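For reference, entry_29.tsv (TSV, C-alpha atoms):
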chain	number	residue	atom	x	y	z
A	1	LEU	CA	-44.95	-125.47	-227.88
A	2	ASN	CA	-48.31	-126.78	-226.72
A	3	TYR	CA	-46.48	-129.42	-224.66
A	4	TYR	CA	-44.71	-126.69	-222.66
A	5	ARG	CA	-47.80	-124.53	-222.33
A	6	ALA	CA	-49.82	-127.44	-220.98
A	7	ASN	CA	-47.17	-128.45	-218.47
A	8	PHE	CA	-46.48	-124.94	-217.19
A	9	SER	CA	-50.12	-124.70	-216.19
A	10	LEU	CA	-49.54	-127.64	-213.80
A	11	LEU	CA	-46.78	-125.88	-211.86
A	12	PRO	CA	-47.62	-124.35	-208.49
A	13	GLU	CA	-47.60	-120.56	-208.39
A	14	ARG	CA	-44.72	-120.58	-205.92
A	15	PRO	CA	-42.49	-123.66	-205.96
A	16	ARG	CA	-41.22	-125.05	-202.69
A	17	PRO	CA	-37.53	-124.32	-202.05
A	18	ILE	CA	-35.10	-126.98	-203.19
A	19	SER	CA	-32.77	-127.96	-200.37
A	20	VAL	CA	-30.45	-130.46	-202.08
A	21	PRO	CA	-27.26	-129.27	-203.80
A	22	THR	CA	-28.13	-128.43	-207.40
A	23	ARG	CA	-25.83	-127.90	-210.35
A	24	LEU	CA	-27.00	-126.49	-213.68
A	25	ILE	CA	-24.80	-127.49	-216.61
A	26	TRP	CA	-25.38	-125.06	-219.46
A	27	GLY	CA	-24.15	-125.14	-223.04
A	28	LEU	CA	-23.37	-121.58	-224.10
A	29	GLY	CA	-23.97	-122.44	-227.75
A	30	ASP	CA	-27.68	-123.16	-227.20
A	31	PRO	CA	-29.59	-121.53	-230.09
A	32	ALA	CA	-32.96	-121.87	-228.33
A	33	LEU	CA	-32.27	-120.75	-224.75
A	34	GLY	CA	-29.95	-117.83	-224.14
A	35	PRO	CA	-27.18	-117.74	-221.55
A	36	GLN	CA	-29.17	-115.27	-219.44
A	37	LEU	CA	-31.23	-118.26	-218.26
A	38	ALA	CA	-28.09	-119.73	-216.68
A	39	ASP	CA	-27.61	-116.70	-214.42
A	40	PRO	CA	-27.56	-117.99	-210.80
A	41	ARG	CA	-29.51	-114.95	-209.66
A	42	ASN	CA	-32.55	-116.44	-211.40
A	43	TYR	CA	-32.53	-119.39	-208.99
A	44	ARG	CA	-31.20	-118.13	-205.65
A	45	ASP	CA	-34.65	-117.44	-204.20
A	46	TRP	CA	-35.76	-121.04	-204.42
A	47	VAL	CA	-32.61	-123.18	-204.69
A	48	ARG	CA	-30.46	-122.96	-201.57
A	49	ASP	CA	-27.24	-124.64	-202.70
A	50	PHE	CA	-26.92	-123.80	-206.39
A	51	ASP	CA	-24.10	-123.50	-208.86
A	52	VAL	CA	-23.78	-123.23	-212.62
A	53	VAL	CA	-21.21	-124.80	-214.91
A	54	THR	CA	-21.07	-123.36	-218.40
A	55	ILE	CA	-19.70	-125.35	-221.31
A	56	PRO	CA	-18.18	-123.19	-224.10
A	57	ALA	CA	-20.28	-122.47	-227.17
A	58	ALA	CA	-17.65	-123.99	-229.44
A	59	ILE	CA	-18.39	-127.47	-228.10
A	60	SER	CA	-21.94	-127.40	-226.77
A	61	GLY	CA	-25.42	-126.19	-227.50
A	62	HIS	CA	-28.92	-127.25	-226.50
A	63	TRP	CA	-28.07	-130.94	-226.05
A	64	VAL	CA	-24.96	-130.40	-223.94
A	65	GLN	CA	-24.98	-133.90	-222.44
A	66	GLN	CA	-24.69	-135.38	-225.94
A	67	GLU	CA	-22.43	-132.74	-227.46
A	68	ALA	CA	-19.89	-132.57	-224.64
A	69	PRO	CA	-20.37	-135.76	-222.59
A	70	ASN	CA	-16.86	-135.77	-221.09
A	71	ASP	CA	-17.28	-132.19	-219.85
A	72	VAL	CA	-20.71	-132.95	-218.42
A	73	ASN	CA	-19.41	-136.04	-216.63
A	74	ALA	CA	-16.46	-134.09	-215.22
A	75	ALA	CA	-18.81	-131.33	-214.03
A	76	LEU	CA	-21.01	-133.87	-212.27
A	77	ARG	CA	-18.11	-135.60	-210.53
A	78	GLN	CA	-16.14	-132.63	-209.26
A	79	PRO	CA	-16.86	-130.42	-206.25
A	80	ASP	CA	-15.19	-127.62	-208.22
A	81	PRO	CA	-15.97	-128.47	-211.85
A	82	TYR	CA	-13.93	-125.65	-213.37
A	83	ILE	CA	-10.75	-127.25	-212.12
A	84	ALA	CA	-11.68	-130.51	-213.87
A	85	LEU	CA	-12.70	-128.79	-217.09
A	86	GLY	CA	-9.77	-126.41	-217.28
A	87	TYR	CA	-11.75	-123.19	-217.80
A	88	GLY	CA	-13.40	-120.67	-215.54
A	89	PRO	CA	-16.89	-119.31	-214.99
Kindly transcribe the structure held in the file into structure tokens.
Amino acid sequence: LNYYRANFSLLPERPRPISVPTRLIWGLGDPALGPQLADPRNYRDWVRDFDVVTIPAAISGHWVQQEAPNDVNAALRQPDPYIALGYGP
């Protein structure tokens, strides 16, 4: 925890807006960080072009890129990742 505490103190009080398209890929089975953190409303004020892809809890958790690599790769490659993954938001 000290690692995170120390690094959060280095963040500016108000981050500059992010202007590049940004996709958050979230494993719904994450035991440490709840799905409420994947809510796009949390990011709209400072990320202009933002979307979220959620990977079902049955196949992914905190380390989604290692637990569901094919789904993560499909989400990164597709303009509409839910079509590639076969499930909806």
Query - Computed interatomic separation between CA of Val72 in chain A and CA of Arg16 in chain A (Å) - result: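 Computed distance, CA of Val72 in chain A to CA of Arg16 in chain A, equals 27.0 Å.
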Query - Coordinates-based distance that separates CA of Leu37 in chain A from CA of Asp71 in chain A (Å, one decimal) - result: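 CA of Leu37 in chain A lies 19.8 Å from CA of Asp71 in chain A.
If you count all atoms listed in the file and ignore residues fewer than 6 places along the chain from Val47 in chain A, what sits within 9 Å of it is Pro17, Ile18, Ser19, Val20, Pro21 and Thr22 of chain A.
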Take the selection from the previous step and output its residues with C-alpha atoms, as a PDB file, keeping the file's coordinate frame.
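Okay, this is what ended up in result_24.pdb:
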ATOM      1  CA  PRO A  17     -37.530-124.320-202.050  1.00  0.00           C
ATOM      2  CA  ILE A  18     -35.100-126.980-203.190  1.00  0.00           C
ATOM      3  CA  SER A  19     -32.770-127.960-200.370  1.00  0.00           C
ATOM      4  CA  VAL A  20     -30.450-130.460-202.080  1.00  0.00           C
ATOM      5  CA  PRO A  21     -27.260-129.270-203.800  1.00  0.00           C
ATOM      6  CA  THR A  22     -28.130-128.430-207.400  1.00  0.00           C
TER       7      THR A  22
END
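Separating CA of Ala57 in chain A from CA of Ala38 in chain A is a distance of 13.4 Å.
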Using only C-alpha atoms, which protein or nucleic acid residues come within 9 Å of Ile55 in chain A? Drop anything in the same chain fewer than 5 positions from it, and give the result as a JSON list (two decimals) with C-alpha atoms, in the coordinates of the input.
[["chain", "number", "residue", "atom", "x", "y", "z"],
["A", 25, "ILE", "CA", -24.80, -127.49, -216.61],
["A", 26, "TRP", "CA", -25.38, -125.06, -219.46],
["A", 27, "GLY", "CA", -24.15, -125.14, -223.04],
["A", 28, "LEU", "CA", -23.37, -121.58, -224.10],
["A", 29, "GLY", "CA", -23.97, -122.44, -227.75],
["A", 60, "SER", "CA", -21.94, -127.40, -226.77],
["A", 61, "GLY", "CA", -25.42, -126.19, -227.50],
["A", 64, "VAL", "CA", -24.96, -130.40, -223.94],
["A", 68, "ALA", "CA", -19.89, -132.57, -224.64],
["A", 71, "ASP", "CA", -17.28, -132.19, -219.85],
["A", 72, "VAL", "CA", -20.71, -132.95, -218.42],
["A", 85, "LEU", "CA", -12.70, -128.79, -217.09],
["A", 87, "TYR", "CA", -11.75, -123.19, -217.80]]
**Report entry** Which residue of A:Gln36, A:Arg77, A:Asp30, A:Tyr43 approaches Pro56 in chain A most closely, using all atoms listed in the file
**Finding:** A:Asp30
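When only C-alpha atoms are used to measure the gap to Ala75 in chain A, the shortest distance among A:Leu24, A:Asn7, A:Glu13, A:Gly34 belongs to A:Leu24.
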